[in-house]
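Shown here: entry00.cif, mmCIF, C-alpha atoms.
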```
data_upload
loop_
_atom_site.label_atom_id
_atom_site.label_comp_id
_atom_site.auth_asym_id
_atom_site.auth_seq_id
_atom_site.Cartn_x
_atom_site.Cartn_y
_atom_site.Cartn_z
CA MET A 1 -35.27 -52.30 1.07
CA ARG A 2 -35.08 -48.53 1.53
CA THR A 3 -31.59 -47.21 2.10
CA MET A 4 -31.32 -45.24 5.35
CA SER A 5 -28.49 -42.83 6.04
CA LEU A 6 -27.68 -41.79 9.59
CA GLU A 7 -28.18 -38.20 10.73
CA THR A 8 -25.50 -36.21 12.55
CA GLY A 9 -26.41 -34.07 15.52
CA ALA A 10 -27.14 -34.01 19.25
CA LEU A 11 -28.73 -36.96 20.99
CA VAL A 12 -30.41 -36.74 24.40
CA MET A 13 -30.92 -39.89 26.47
CA ILE A 14 -32.52 -39.50 29.90
CA ASP A 15 -34.43 -41.73 32.29
CA ALA A 16 -36.36 -41.25 35.52
CA LEU A 17 -34.53 -41.56 38.82
CA GLY A 18 -36.33 -43.68 41.41
CA PHE A 19 -38.81 -45.02 38.87
CA ARG A 20 -38.47 -48.59 40.08
CA GLY A 21 -41.24 -49.23 42.59
CA ILE A 22 -42.96 -45.91 41.91
CA TRP A 23 -46.18 -47.88 41.41
CA ARG A 24 -46.13 -48.62 45.16
CA ARG A 25 -46.37 -44.90 45.98
CA PHE A 26 -48.77 -43.73 43.29
CA GLU A 27 -51.68 -45.26 41.45
CA PRO A 28 -50.40 -47.03 38.31
CA ALA A 29 -53.07 -45.30 36.23
CA THR A 30 -51.80 -41.91 37.44
CA ILE A 31 -48.23 -42.77 36.49
CA ILE A 32 -49.18 -44.00 33.02
CA ALA A 33 -51.37 -40.94 32.44
CA LYS A 34 -48.48 -38.66 33.37
CA LEU A 35 -46.07 -40.46 31.03
CA HIS A 36 -48.61 -40.17 28.20
CA ALA A 37 -49.08 -36.46 28.89
CA LEU A 38 -45.31 -35.93 29.03
CA LYS A 39 -44.89 -37.70 25.71
CA ASP A 40 -47.73 -35.82 24.00
CA VAL A 41 -46.70 -32.35 25.17
CA ALA A 42 -43.02 -32.98 24.49
CA GLU A 43 -43.67 -34.19 20.94
CA GLU A 44 -45.97 -31.25 20.23
CA SER A 45 -43.37 -28.80 21.52
CA MET A 46 -40.77 -30.12 19.06
CA LYS A 47 -42.80 -29.11 16.03
CA GLY A 48 -42.18 -25.93 14.09
CA PHE A 49 -38.41 -25.62 14.44
CA ASP A 50 -37.48 -26.79 10.94
CA ILE A 51 -35.76 -23.50 10.07
CA THR A 52 -32.69 -24.20 12.19
CA TYR A 53 -33.01 -27.85 13.25
CA THR A 54 -35.23 -30.90 13.08
CA SER A 55 -35.98 -33.20 15.99
CA ARG A 56 -37.40 -36.64 16.63
CA ALA A 57 -38.04 -38.56 19.81
CA ALA A 58 -38.53 -42.07 21.12
CA PHE A 59 -40.25 -42.76 24.44
CA LEU A 60 -39.38 -46.13 25.98
CA SER A 61 -41.22 -46.40 29.31
CA ASP A 62 -39.39 -43.89 31.55
CA THR A 63 -36.48 -43.46 29.09
CA ILE A 64 -36.64 -40.58 26.61
CA VAL A 65 -34.41 -40.26 23.53
CA ILE A 66 -34.39 -37.06 21.46
CA GLY A 67 -32.31 -36.41 18.36
CA LEU A 68 -31.70 -32.92 16.93
CA THR A 69 -30.08 -32.29 13.56
CA PRO A 70 -29.08 -28.98 11.91
CA THR A 71 -31.16 -28.28 8.82
CA GLY A 72 -28.39 -26.70 6.78
CA LYS A 73 -30.34 -23.44 6.70
CA VAL A 74 -27.87 -21.99 9.19
CA ALA A 75 -25.11 -20.44 7.08
CA ASP A 76 -22.33 -21.25 9.54
CA ARG A 77 -22.01 -25.03 9.91
CA ASP A 78 -20.10 -24.75 13.19
CA ALA A 79 -22.80 -22.52 14.61
CA GLY A 80 -25.42 -25.03 13.48
CA GLU A 81 -23.72 -27.86 15.37
CA ALA A 82 -23.39 -25.75 18.51
CA LEU A 83 -27.00 -24.67 18.13
CA VAL A 84 -28.38 -28.22 18.24
CA LEU A 85 -26.44 -28.91 21.43
CA LEU A 86 -27.86 -25.73 22.94
CA GLN A 87 -31.36 -26.66 21.83
CA ALA A 88 -30.89 -30.17 23.22
CA GLY A 89 -30.17 -28.53 26.57
CA PHE A 90 -33.30 -26.40 26.30
CA ARG A 91 -35.34 -29.54 25.50
CA VAL A 92 -34.03 -31.10 28.70
CA VAL A 93 -34.96 -28.01 30.74
CA TYR A 94 -38.46 -28.08 29.26
CA LEU A 95 -38.93 -31.79 30.02
CA THR A 96 -37.48 -31.40 33.53
CA LEU A 97 -39.97 -28.66 34.41
CA LEU A 98 -42.83 -30.54 32.78
CA ALA A 99 -41.99 -33.73 34.68
CA LEU A 100 -42.12 -31.87 38.01
CA GLU A 101 -45.65 -30.59 37.41
CA LYS A 102 -48.47 -32.48 39.12
CA ALA A 103 -48.10 -35.81 40.88
CA PRO A 104 -46.00 -37.80 40.74
CA PRO A 105 -43.01 -35.45 40.29
CA ILE A 106 -40.24 -37.15 38.32
CA ALA A 107 -36.52 -36.30 38.27
CA TYR A 108 -34.46 -37.23 35.21
CA ARG A 109 -30.82 -38.19 34.80
CA GLY A 110 -28.93 -38.72 31.55
CA CYS A 111 -26.57 -37.26 29.00
CA ILE A 112 -26.25 -35.56 25.63
CA SER A 113 -23.92 -37.00 22.99
CA PHE A 114 -23.02 -35.80 19.48
CA GLY A 115 -22.57 -37.89 16.35
CA GLU A 116 -24.45 -40.12 13.94
CA PHE A 117 -27.81 -41.58 14.91
CA GLU A 118 -31.15 -42.77 13.59
CA ILE A 119 -34.51 -42.69 15.38
CA SER A 120 -37.33 -44.64 13.74
CA GLY A 121 -40.35 -45.13 15.95
CA PRO A 122 -39.18 -46.89 19.13
CA PHE A 123 -35.90 -47.97 17.49
CA VAL A 124 -32.64 -46.04 17.89
CA LEU A 125 -29.14 -46.76 16.64
CA GLY A 126 -25.84 -45.15 15.74
CA GLU A 127 -22.58 -44.04 17.33
CA ALA A 128 -24.22 -41.23 19.31
CA VAL A 129 -26.78 -43.71 20.66
CA ASP A 130 -24.07 -46.16 21.73
CA GLU A 131 -22.15 -43.45 23.57
CA ALA A 132 -25.24 -42.09 25.31
CA ALA A 133 -26.39 -45.58 26.29
CA ALA A 134 -23.00 -46.24 27.91
CA HIS A 135 -23.14 -43.05 30.00
CA TYR A 136 -26.71 -41.96 30.75
CA GLU A 137 -27.01 -43.87 34.03
CA ILE A 138 -23.58 -43.19 35.58
CA ALA A 139 -24.09 -39.71 37.09
CA GLU A 140 -24.56 -39.71 40.85
CA GLY A 141 -27.48 -37.32 40.91
CA ALA A 142 -30.14 -35.70 38.74
CA PHE A 143 -27.64 -34.51 36.14
CA VAL A 144 -27.92 -34.29 32.36
CA TRP A 145 -24.44 -33.65 31.02
CA LEU A 146 -22.36 -33.51 27.84
CA THR A 147 -20.46 -36.71 26.99
CA PRO A 148 -16.92 -36.39 25.54
CA SER A 149 -18.21 -36.18 21.96
CA ALA A 150 -20.67 -33.39 22.76
CA LYS A 151 -18.24 -31.53 25.03
CA ALA A 152 -15.62 -31.48 22.24
CA VAL A 153 -18.13 -29.89 19.84
CA TRP A 154 -19.39 -27.39 22.40
CA ASP A 155 -15.90 -26.34 23.52
CA LYS A 156 -14.86 -25.70 19.94
CA LYS A 157 -17.98 -24.08 18.53
CA LYS A 158 -20.04 -22.49 21.32
CA LEU A 159 -18.61 -19.00 20.74
CA ARG A 160 -20.03 -19.01 17.22
CA ILE A 161 -23.43 -18.52 18.83
CA GLU A 162 -24.08 -14.83 19.47
CA PRO A 163 -24.37 -14.28 22.35
CA PRO A 164 -22.93 -17.55 23.74
CA ASP A 165 -25.66 -17.76 26.37
CA SER A 166 -26.70 -21.23 27.33
CA CYS A 167 -28.40 -23.58 29.73
CA LEU A 168 -25.16 -25.60 29.64
CA VAL A 169 -23.01 -24.73 32.64
CA PRO A 170 -19.43 -25.88 33.42
CA TYR A 171 -19.44 -28.44 36.20
CA ALA A 172 -17.48 -31.41 37.52
CA VAL A 173 -20.29 -33.98 37.32
CA PRO A 174 -20.01 -36.66 40.04
CA LEU A 175 -20.02 -40.17 38.58
CA LYS A 176 -20.22 -43.67 39.99
CA GLN A 177 -17.23 -45.15 41.84
CA GLY A 178 -16.20 -41.73 43.12
CA ALA A 179 -15.07 -40.26 39.80
CA SER A 180 -16.05 -36.88 38.35
CA TYR A 181 -15.92 -35.44 34.85
CA ASP A 182 -15.23 -31.77 34.02
CA THR A 183 -17.91 -31.08 31.44
CA TYR A 184 -21.13 -29.08 31.04
CA ALA A 185 -24.38 -29.92 32.82
CA VAL A 186 -27.88 -28.70 32.01
CA SER A 187 -29.17 -26.12 34.46
CA PRO A 188 -32.75 -27.06 35.43
CA PHE A 189 -33.77 -23.41 35.71
CA GLU A 190 -35.13 -21.17 32.98
CA ALA A 191 -32.95 -18.07 32.54
CA GLU A 192 -35.83 -15.69 33.24
CA SER A 193 -37.12 -17.46 36.36
CA ASP A 194 -37.01 -15.56 39.64
CA ASP A 195 -35.75 -16.83 43.00
CA ARG A 196 -39.21 -18.01 44.05
CA LYS A 197 -39.65 -20.14 40.95
CA ARG A 198 -36.14 -21.54 41.27
CA ARG A 199 -36.75 -22.53 44.88
CA ARG A 200 -39.96 -24.28 43.87
CA VAL A 201 -38.20 -26.24 41.13
CA ARG A 202 -35.32 -27.12 43.47
CA ASP A 203 -37.59 -28.21 46.33
CA THR A 204 -39.88 -30.26 44.10
CA LEU A 205 -37.01 -32.05 42.38
CA LEU A 206 -35.21 -32.77 45.66
CA SER A 207 -38.45 -34.14 47.12
CA THR A 208 -38.28 -37.00 44.60
CA PHE A 209 -35.36 -38.39 46.65
CA ASP A 210 -37.33 -38.29 49.93
CA THR A 211 -39.48 -41.41 49.83
CA PRO A 212 -39.76 -43.43 53.08
CA HIS A 213 -37.36 -46.07 51.75
CA SER A 214 -34.82 -43.74 50.13
CA ALA A 215 -34.54 -41.49 53.20
CA THR A 216 -32.34 -44.18 54.81
CA THR A 217 -30.62 -45.43 51.64
CA LEU A 218 -27.06 -44.13 51.35
CA GLY A 219 -26.87 -44.28 47.53
CA VAL A 220 -30.05 -42.24 47.15
CA GLN A 221 -29.00 -39.67 49.74
CA LEU A 222 -25.61 -39.21 48.05
CA LYS A 223 -27.43 -38.49 44.79
CA ARG A 224 -29.64 -36.01 46.64
CA GLN A 225 -26.66 -34.23 48.18
CA ASN A 226 -24.84 -34.03 44.84
CA THR A 227 -27.96 -32.63 43.16
CA GLU A 228 -28.50 -30.07 45.93
CA ARG A 229 -24.84 -28.99 45.66
CA PHE A 230 -25.32 -28.43 41.92
CA PHE A 231 -28.42 -26.32 42.55
CA HIS A 232 -26.43 -24.19 44.99
CA TRP A 233 -23.78 -23.58 42.34
CA VAL A 234 -26.26 -22.71 39.59
CA GLN A 235 -27.93 -20.12 41.82
CA GLN A 236 -24.70 -18.35 42.77
CA PRO A 237 -24.35 -14.64 41.87
CA GLY A 238 -22.28 -14.11 38.76
CA HIS A 239 -23.41 -17.37 37.23
CA LEU A 240 -24.62 -15.63 34.07
CA ALA A 241 -21.10 -14.39 33.39
CA VAL A 242 -19.91 -17.99 33.31
CA ARG A 243 -22.76 -18.96 31.01
CA ARG A 244 -21.77 -16.17 28.65
CA GLY A 245 -18.36 -17.60 27.90
CA GLY A 246 -16.53 -16.86 31.14
CA PRO A 247 -13.55 -18.89 32.38
CA TRP A 248 -13.77 -22.61 32.97
CA LEU A 249 -14.55 -23.41 36.59
CA LYS A 250 -13.90 -26.85 38.05
CA VAL A 251 -16.73 -26.66 40.50
CA ARG A 252 -16.92 -29.44 43.04
CA GLU A 253 -18.61 -27.63 45.90
#
```

Would it be possible to restate this file's structure as structure tokens?
Amino acid sequence: MRTMSLETGALVMIDALGFRGIWRRFEPATIIAKLHALKDVAEESMKGFDITYTSRAAFLSDTIVIGLTPTGKVADRDAGEALVLLQAGFRVVYLTLLALEKAPPIAYRGCISFGEFEISGPFVLGEAVDEAAAHYEIAEGAFVWLTPSAKAVWDKKKLRIEPPDSCLVPYAVPLKQGASYDTYAVSPFEAESDDRKRRRVRDTLLSTFDTPHSATTLGVQLKRQNTERFFHWVQQPGHLAVRRGGPWLKVRE
């Protein structure tokens, strides 16, 4: 039997919000075709980054798992670990925008952990996988956020990236049972996008909460409100200063 050693890096685990019953609103063939296209384009986009990090992915129905590992070609190890967290965030942004293109639009929720993992085909295991699996469904909204393991790495090592620009923004992520966690969440907007593009992304993502059934479901509407509140924060003037290493903000409104 071949000996397999676990990798150490960032692990993304996200799944589609409102996926249950989606086949009632859209043709099953359309849904499956979109998931195939999402998988194919996402896997193709992860090729060619072996200078700074390597990445692998597993697609399990509407759940996506992506692992990113520093290659060792980055001279500063701390910078390498921060870099894979940053790149994990950029992967999430890419998938978020891709999932909103064409019908049916899909909103994702999940988390990013840091630690040991292995991805082999559809099989995933390791400490980072266990942590992500315990947390990826507990956010009350379309949030992808850093778990304690990833937040500890990012807090310590983010400033080794020059400049410390990022798609990871400080936010008190609302969780189930009324709790919140002061961490970093992935902004769904590309840094270079203008107001018009940001409004389109925001409106399309929020529309995924507005099905006939969910419009009168309290749990769904709370998730929608929390997500809309996050969008409002991300679009505030001065946000780039925070992204570039500004002071911690415990944003709840």

Near Phe231 of chain A, counting all atoms listed in the file, which residues have an atom at most 10 Å away, once you skip same-chain residues fewer than 6 positions from it, shown as a list in words?
Ser187, Pro188, Phe189, Arg198, Arg199, Val201, Arg202, Leu206 and Gln225 of chain A

Residues near Ala132 of chain A, anyone? I mean within 10 Å using all atoms listed in the file, not counting same-chain ones fewer than 3 positions away, as an MDAnalysis selection string.
chainID A and resid 11:14 65 110:114 127:129 135:137 146:147 149

Between atom CA of Asn226 of chain A and atom CA of Asp182 of chain A, distance in Å (one decimal)
14.6 Å

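Across A:Trp154, A:Phe209, A:Phe230, A:Phe123, the tightest approach to Thr183 of chain A is made by A:Trp154 when counting only C-alpha atoms.
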
Minimum-distance residue to Thr204 of chain A, chosen among A:Arg25, A:Arg77, A:Lys102, A:Arg91 (using all atoms listed in the file):
A:Lys102
